[in-house]
$ cat my_file_2.pdb   # PDB, N, CA and C atoms
ATOM      1  N   MET A 783     -44.525 -48.217 210.064
ATOM      2  CA  MET A 783     -45.892 -48.712 210.053
ATOM      3  C   MET A 783     -46.814 -47.523 210.308
ATOM      4  N   THR A 784     -47.808 -47.408 209.474
ATOM      5  CA  THR A 784     -48.745 -46.298 209.556
ATOM      6  C   THR A 784     -49.823 -46.532 210.613
ATOM      7  N   ASP A 785     -50.385 -47.741 210.657
ATOM      8  CA  ASP A 785     -51.484 -48.026 211.581
ATOM      9  C   ASP A 785     -51.290 -49.405 212.213
ATOM     10  N   PRO A 786     -50.563 -49.484 213.332
ATOM     11  CA  PRO A 786     -50.278 -50.781 213.939
ATOM     12  C   PRO A 786     -51.520 -51.504 214.459
ATOM     13  N   LEU A 787     -52.541 -50.777 214.874
ATOM     14  CA  LEU A 787     -53.756 -51.439 215.360
ATOM     15  C   LEU A 787     -54.505 -52.128 214.219
ATOM     16  N   LEU A 788     -54.618 -51.460 213.083
ATOM     17  CA  LEU A 788     -55.257 -52.063 211.919
ATOM     18  C   LEU A 788     -54.457 -53.279 211.460
ATOM     19  N   TRP A 789     -53.127 -53.148 211.446
ATOM     20  CA  TRP A 789     -52.287 -54.255 211.005
ATOM     21  C   TRP A 789     -52.491 -55.475 211.897
ATOM     22  N   ARG A 790     -52.503 -55.275 213.206
ATOM     23  CA  ARG A 790     -52.658 -56.397 214.134
ATOM     24  C   ARG A 790     -54.034 -57.055 213.978
ATOM     25  N   LEU A 791     -55.068 -56.270 213.821
ATOM     26  CA  LEU A 791     -56.407 -56.826 213.619
ATOM     27  C   LEU A 791     -56.462 -57.622 212.315
ATOM     28  N   ALA A 792     -55.907 -57.062 211.247
ATOM     29  CA  ALA A 792     -55.892 -57.758 209.963
ATOM     30  C   ALA A 792     -55.065 -59.037 210.047
ATOM     31  N   TYR A 793     -53.980 -59.004 210.788
ATOM     32  CA  TYR A 793     -53.146 -60.195 210.979
ATOM     33  C   TYR A 793     -53.950 -61.291 211.678
ATOM     34  N   ASP A 794     -54.666 -60.938 212.723
ATOM     35  CA  ASP A 794     -55.478 -61.920 213.448
ATOM     36  C   ASP A 794     -56.556 -62.529 212.548
ATOM     37  N   VAL A 795     -57.179 -61.691 211.704
ATOM     38  CA  VAL A 795     -58.189 -62.200 210.770
ATOM     39  C   VAL A 795     -57.534 -63.148 209.767
ATOM     40  N   ALA A 796     -56.379 -62.768 209.241
ATOM     41  CA  ALA A 796     -55.676 -63.615 208.274
ATOM     42  C   ALA A 796     -55.298 -64.955 208.900
ATOM     43  N   GLU A 797     -54.860 -64.947 210.140
ATOM     44  CA  GLU A 797     -54.514 -66.192 210.831
ATOM     45  C   GLU A 797     -55.727 -67.103 210.985
ATOM     46  N   ALA A 798     -56.879 -66.525 211.226
ATOM     47  CA  ALA A 798     -58.095 -67.326 211.423
ATOM     48  C   ALA A 798     -58.629 -67.900 210.108
ATOM     49  N   HIS A 799     -58.162 -67.389 208.977
ATOM     50  CA  HIS A 799     -58.686 -67.821 207.684
ATOM     51  C   HIS A 799     -57.636 -68.544 206.844
ATOM     52  N   GLN A 800     -56.698 -69.195 207.471
ATOM     53  CA  GLN A 800     -55.706 -69.988 206.753
ATOM     54  C   GLN A 800     -56.317 -71.295 206.266
ATOM     55  N   PRO A 801     -55.796 -71.846 205.180
ATOM     56  CA  PRO A 801     -56.351 -73.103 204.667
ATOM     57  C   PRO A 801     -56.003 -74.291 205.566
ATOM     58  N   ASP A 802     -56.908 -75.267 205.587
ATOM     59  CA  ASP A 802     -56.634 -76.494 206.320
ATOM     60  C   ASP A 802     -55.931 -77.483 205.391
ATOM     61  N   GLU A 803     -55.771 -78.720 205.833
ATOM     62  CA  GLU A 803     -55.055 -79.720 205.037
ATOM     63  C   GLU A 803     -55.787 -80.114 203.749
ATOM     64  N   THR A 804     -57.069 -79.815 203.658
ATOM     65  CA  THR A 804     -57.828 -80.122 202.438
ATOM     66  C   THR A 804     -57.886 -78.949 201.467
ATOM     67  N   GLY A 805     -57.277 -77.806 201.827
ATOM     68  CA  GLY A 805     -57.279 -76.641 200.951
ATOM     69  C   GLY A 805     -58.492 -75.751 201.093
ATOM     70  N   ARG A 806     -59.228 -75.931 202.170
ATOM     71  CA  ARG A 806     -60.409 -75.098 202.422
ATOM     72  C   ARG A 806     -60.133 -74.200 203.628
ATOM     73  N   CYS A 807     -60.837 -73.066 203.680
ATOM     74  CA  CYS A 807     -60.679 -72.139 204.797
ATOM     75  C   CYS A 807     -61.134 -72.818 206.079
ATOM     76  N   ARG A 808     -60.312 -72.707 207.110
ATOM     77  CA  ARG A 808     -60.641 -73.391 208.360
ATOM     78  C   ARG A 808     -61.593 -72.603 209.252
ATOM     79  N   SER A 809     -61.916 -71.365 208.879
ATOM     80  CA  SER A 809     -62.824 -70.560 209.687
ATOM     81  C   SER A 809     -64.260 -71.062 209.535
ATOM     82  N   LEU A 810     -64.966 -71.134 210.621
ATOM     83  CA  LEU A 810     -66.365 -71.542 210.576
ATOM     84  C   LEU A 810     -67.235 -70.523 209.846
ATOM     85  N   LEU A 811     -66.795 -69.291 209.800
ATOM     86  CA  LEU A 811     -67.551 -68.244 209.110
ATOM     87  C   LEU A 811     -67.560 -68.441 207.597
ATOM     88  N   CYS A 812     -66.580 -69.129 207.069
ATOM     89  CA  CYS A 812     -66.497 -69.331 205.616
ATOM     90  C   CYS A 812     -67.175 -70.619 205.167
ATOM     91  N   ALA A 813     -67.593 -71.443 206.075
ATOM     92  CA  ALA A 813     -68.339 -72.677 205.770
ATOM     93  C   ALA A 813     -67.648 -73.538 204.723
ATOM     94  N   GLY A 814     -66.332 -73.712 204.861
ATOM     95  CA  GLY A 814     -65.602 -74.617 203.978
ATOM     96  C   GLY A 814     -65.316 -74.094 202.590
ATOM     97  N   GLN A 815     -65.285 -72.799 202.385
ATOM     98  CA  GLN A 815     -64.958 -72.226 201.080
ATOM     99  C   GLN A 815     -63.541 -72.634 200.685
ATOM    100  N   GLN A 816     -63.307 -72.682 199.389
ATOM    101  CA  GLN A 816     -61.970 -72.970 198.894
ATOM    102  C   GLN A 816     -61.027 -71.847 199.333
ATOM    103  N   ALA A 817     -59.855 -72.182 199.829
ATOM    104  CA  ALA A 817     -58.879 -71.187 200.257
ATOM    105  C   ALA A 817     -58.055 -70.737 199.055
ATOM    106  N   PRO A 818     -57.585 -69.545 199.016
ATOM    107  CA  PRO A 818     -57.810 -68.473 199.975
ATOM    108  C   PRO A 818     -59.182 -67.829 199.776
ATOM    109  N   CYS A 819     -59.859 -67.611 200.877
ATOM    110  CA  CYS A 819     -61.201 -67.026 200.850
ATOM    111  C   CYS A 819     -61.106 -65.511 200.664
ATOM    112  N   GLU A 820     -62.243 -64.904 200.391
ATOM    113  CA  GLU A 820     -62.275 -63.452 200.186
ATOM    114  C   GLU A 820     -61.854 -62.701 201.451
ATOM    115  N   THR A 821     -62.213 -63.235 202.603
ATOM    116  CA  THR A 821     -61.838 -62.586 203.858
ATOM    117  C   THR A 821     -60.322 -62.558 204.026
ATOM    118  N   LEU A 822     -59.643 -63.630 203.644
ATOM    119  CA  LEU A 822     -58.183 -63.662 203.723
ATOM    120  C   LEU A 822     -57.581 -62.624 202.779
ATOM    121  N   HIS A 823     -58.121 -62.513 201.573
ATOM    122  CA  HIS A 823     -57.632 -61.490 200.634
ATOM    123  C   HIS A 823     -57.821 -60.093 201.222
ATOM    124  N   ASN A 824     -58.982 -59.842 201.814
ATOM    125  CA  ASN A 824     -59.248 -58.526 202.406
ATOM    126  C   ASN A 824     -58.322 -58.253 203.584
ATOM    127  N   ALA A 825     -58.043 -59.263 204.384
ATOM    128  CA  ALA A 825     -57.140 -59.086 205.528
ATOM    129  C   ALA A 825     -55.733 -58.755 205.045
ATOM    130  N   LYS A 826     -55.276 -59.440 203.998
ATOM    131  CA  LYS A 826     -53.942 -59.148 203.466
ATOM    132  C   LYS A 826     -53.885 -57.739 202.894
ATOM    133  N   ARG A 827     -54.959 -57.321 202.244
ATOM    134  CA  ARG A 827     -55.017 -55.956 201.703
ATOM    135  C   ARG A 827     -54.972 -54.927 202.843
ATOM    136  N   ALA A 828     -55.703 -55.202 203.917
ATOM    137  CA  ALA A 828     -55.694 -54.296 205.071
ATOM    138  C   ALA A 828     -54.305 -54.220 205.695
ATOM    139  N   MET A 829     -53.594 -55.344 205.737
ATOM    140  CA  MET A 829     -52.233 -55.331 206.275
ATOM    141  C   MET A 829     -51.317 -54.469 205.418
ATOM    142  N   GLU A 830     -51.474 -54.550 204.093
ATOM    143  CA  GLU A 830     -50.674 -53.716 203.203
ATOM    144  C   GLU A 830     -50.992 -52.238 203.405
ATOM    145  N   LEU A 831     -52.274 -51.920 203.497
ATOM    146  CA  LEU A 831     -52.667 -50.523 203.702
ATOM    147  C   LEU A 831     -52.193 -50.005 205.054
ATOM    148  N   ALA A 832     -52.220 -50.853 206.060
ATOM    149  CA  ALA A 832     -51.774 -50.432 207.391
ATOM    150  C   ALA A 832     -50.276 -50.144 207.407
ATOM    151  N   ARG A 833     -49.544 -50.800 206.535
ATOM    152  CA  ARG A 833     -48.103 -50.543 206.427
ATOM    153  C   ARG A 833     -47.821 -49.296 205.605
ATOM    154  N   GLY A 834     -48.856 -48.704 205.047
ATOM    155  CA  GLY A 834     -48.670 -47.493 204.249
ATOM    156  C   GLY A 834     -48.290 -47.815 202.819
ATOM    157  N   ALA A 835     -48.771 -48.940 202.309
ATOM    158  CA  ALA A 835     -48.429 -49.370 200.954
ATOM    159  C   ALA A 835     -49.147 -48.555 199.889
ATOM    160  N   GLY A 836     -49.946 -47.596 200.268
ATOM    161  CA  GLY A 836     -50.663 -46.767 199.300
ATOM    162  C   GLY A 836     -51.966 -47.402 198.883
ATOM    163  N   ALA A 837     -52.527 -46.915 197.817
ATOM    164  CA  ALA A 837     -53.811 -47.414 197.340
ATOM    165  C   ALA A 837     -53.593 -48.739 196.629
ATOM    166  N   VAL A 838     -54.046 -49.802 197.249
ATOM    167  CA  VAL A 838     -53.933 -51.134 196.676
ATOM    168  C   VAL A 838     -55.313 -51.539 196.196
ATOM    169  N   GLU A 839     -55.414 -51.939 194.923
ATOM    170  CA  GLU A 839     -56.710 -52.341 194.390
ATOM    171  C   GLU A 839     -57.031 -53.748 194.847
ATOM    172  N   SER A 840     -58.276 -53.974 195.242
ATOM    173  CA  SER A 840     -58.694 -55.320 195.603
ATOM    174  C   SER A 840     -58.924 -56.109 194.327
ATOM    175  N   ARG A 841     -58.951 -57.407 194.447
ATOM    176  CA  ARG A 841     -59.101 -58.273 193.282
ATOM    177  C   ARG A 841     -60.458 -58.077 192.620
ATOM    178  N   GLY A 842     -60.436 -57.762 191.334
ATOM    179  CA  GLY A 842     -61.662 -57.715 190.554
ATOM    180  C   GLY A 842     -62.567 -56.532 190.799
ATOM    181  N   THR A 843     -62.120 -55.515 191.485
ATOM    182  CA  THR A 843     -62.972 -54.350 191.697
ATOM    183  C   THR A 843     -62.273 -53.113 191.160
ATOM    184  N   ALA A 844     -63.049 -52.203 190.688
ATOM    185  CA  ALA A 844     -62.506 -50.947 190.189
ATOM    186  C   ALA A 844     -62.146 -50.052 191.358
ATOM    187  N   PRO A 845     -61.121 -49.222 191.220
ATOM    188  CA  PRO A 845     -60.770 -48.315 192.304
ATOM    189  C   PRO A 845     -61.893 -47.328 192.562
ATOM    190  N   ARG A 846     -62.089 -47.001 193.808
ATOM    191  CA  ARG A 846     -63.140 -46.053 194.178
ATOM    192  C   ARG A 846     -62.641 -44.628 194.020
ATOM    193  N   ALA A 847     -63.540 -43.766 193.619
ATOM    194  CA  ALA A 847     -63.198 -42.352 193.536
ATOM    195  C   ALA A 847     -63.103 -41.789 194.940
ATOM    196  N   GLN A 848     -62.072 -40.997 195.153
ATOM    197  CA  GLN A 848     -61.913 -40.404 196.474
ATOM    198  C   GLN A 848     -62.900 -39.265 196.639
ATOM    199  N   SER A 849     -63.456 -39.159 197.836
ATOM    200  CA  SER A 849     -64.410 -38.091 198.087
ATOM    201  C   SER A 849     -63.676 -36.760 198.169
ATOM    202  N   ALA A 850     -64.350 -35.737 197.764
ATOM    203  CA  ALA A 850     -63.765 -34.406 197.798
ATOM    204  C   ALA A 850     -64.133 -33.736 199.114
ATOM    205  N   ALA A 851     -63.714 -34.324 200.206
ATOM    206  CA  ALA A 851     -64.004 -33.765 201.520
ATOM    207  C   ALA A 851     -63.171 -32.501 201.723
ATOM    208  N   PRO A 852     -63.749 -31.486 202.300
ATOM    209  CA  PRO A 852     -62.985 -30.261 202.522
ATOM    210  C   PRO A 852     -61.904 -30.498 203.567
ATOM    211  N   ALA A 853     -60.829 -29.766 203.432
ATOM    212  CA  ALA A 853     -59.733 -29.871 204.385
ATOM    213  C   ALA A 853     -60.176 -29.292 205.725
ATOM    214  N   PRO A 854     -59.716 -29.875 206.825
ATOM    215  CA  PRO A 854     -60.098 -29.331 208.127
ATOM    216  C   PRO A 854     -59.507 -27.936 208.309
ATOM    217  N   PRO A 855     -60.192 -27.073 209.039
ATOM    218  CA  PRO A 855     -59.674 -25.721 209.240
ATOM    219  C   PRO A 855     -58.370 -25.763 210.035
ATOM    220  N   GLN A 856     -57.493 -24.832 209.696
ATOM    221  CA  GLN A 856     -56.229 -24.762 210.416
ATOM    222  C   GLN A 856     -56.447 -24.052 211.740
ATOM    223  N   ARG A 857     -55.789 -24.579 212.750
ATOM    224  CA  ARG A 857     -55.899 -23.941 214.070
ATOM    225  C   ARG A 857     -54.882 -22.824 214.184
ATOM    226  N   ARG A 858     -55.334 -21.756 214.804
ATOM    227  CA  ARG A 858     -54.428 -20.645 215.051
ATOM    228  C   ARG A 858     -54.218 -20.532 216.542
ATOM    229  N   SER A 859     -53.071 -20.063 216.909
ATOM    230  CA  SER A 859     -52.790 -19.871 218.328
ATOM    231  C   SER A 859     -53.618 -18.698 218.857
ATOM    232  N   ARG A 860     -53.705 -18.589 220.150
ATOM    233  CA  ARG A 860     -54.458 -17.492 220.763
ATOM    234  C   ARG A 860     -53.876 -16.150 220.341
ATOM    235  N   ALA A 861     -52.538 -16.053 220.284
ATOM    236  CA  ALA A 861     -51.896 -14.806 219.895
ATOM    237  C   ALA A 861     -52.266 -14.460 218.449
ATOM    238  N   GLY A 862     -52.356 -15.469 217.573
ATOM    239  CA  GLY A 862     -52.728 -15.229 216.193
ATOM    240  C   GLY A 862     -54.160 -14.758 216.068
ATOM    241  N   ARG A 863     -55.063 -15.306 216.914
ATOM    242  CA  ARG A 863     -56.471 -14.875 216.869
ATOM    243  C   ARG A 863     -56.609 -13.452 217.378
ATOM    244  N   GLU A 864     -55.862 -13.111 218.416
ATOM    245  CA  GLU A 864     -55.966 -11.767 218.974
ATOM    246  C   GLU A 864     -55.393 -10.731 218.031
ATOM    247  N   ALA A 865     -54.382 -11.136 217.235
ATOM    248  CA  ALA A 865     -53.768 -10.199 216.305
ATOM    249  C   ALA A 865     -54.680  -9.965 215.106
ATOM    250  N   ALA A 866     -55.524 -10.920 214.805
ATOM    251  CA  ALA A 866     -56.388 -10.797 213.612
ATOM    252  C   ALA A 866     -57.542  -9.930 213.848
TER     253      ALA A 866
END
$ encode --input "my_file_2.pdb" --output "structure tokens"
Amino acid sequence: MTDPLLWRLAYDVAEAHQPDETGRCRSLLCAGQQAPCETLHNAKRAMELARGAGAVESRGTAPRAQSAAPAPPQRRSRAGREAA
């Protein structure tokens, strides 16, 4: 597991958004939306990502371009800095 805290949070969200006996989301935040709601889909996606499943595309959205953030500088030991 890559990120156990994210997985646990996503699991709790998924549990709160399970369908009731009428097939609607039981969470008050979804106001009776047909299950599975978008929040449940997002929680399941977060659980997959937390397990290290790689880049998983969400339903109906195009993949986002990754930012070209510079790599963090490498740390050198004190002996390496003094030698330089």
$ residues_around --input "my_file_2.pdb" --residues "region 813-830 of chain A" --least-positions-apart "4" --cutoff "6.5 Å" --atoms "only N, CA and C atoms" --output "list in words"
Leu788, Trp789, Ala792, Tyr793, Val795, Ala796, His799, Pro801, Gly805, Arg806, Cys807, Arg808, Ser809, Gly834, Ala835 and Gly836 of chain A
$ atom_distance --input "my_file_2.pdb" --atom1 "CA of Leu810 (chain A)" --atom2 "atom C of Ala798 (chain A)"
8.6 Å
$ atom_distance --input "my_file_2.pdb" --atom1 "atom N of Leu791 (chain A)" --atom2 "atom N of Thr804 (chain A)"
25.7 Å
$ atom_distance --input "my_file_2.pdb" --atom1 "CA of Leu811 (chain A)" --atom2 "CA of Asp794 (chain A)"
14.3 Å
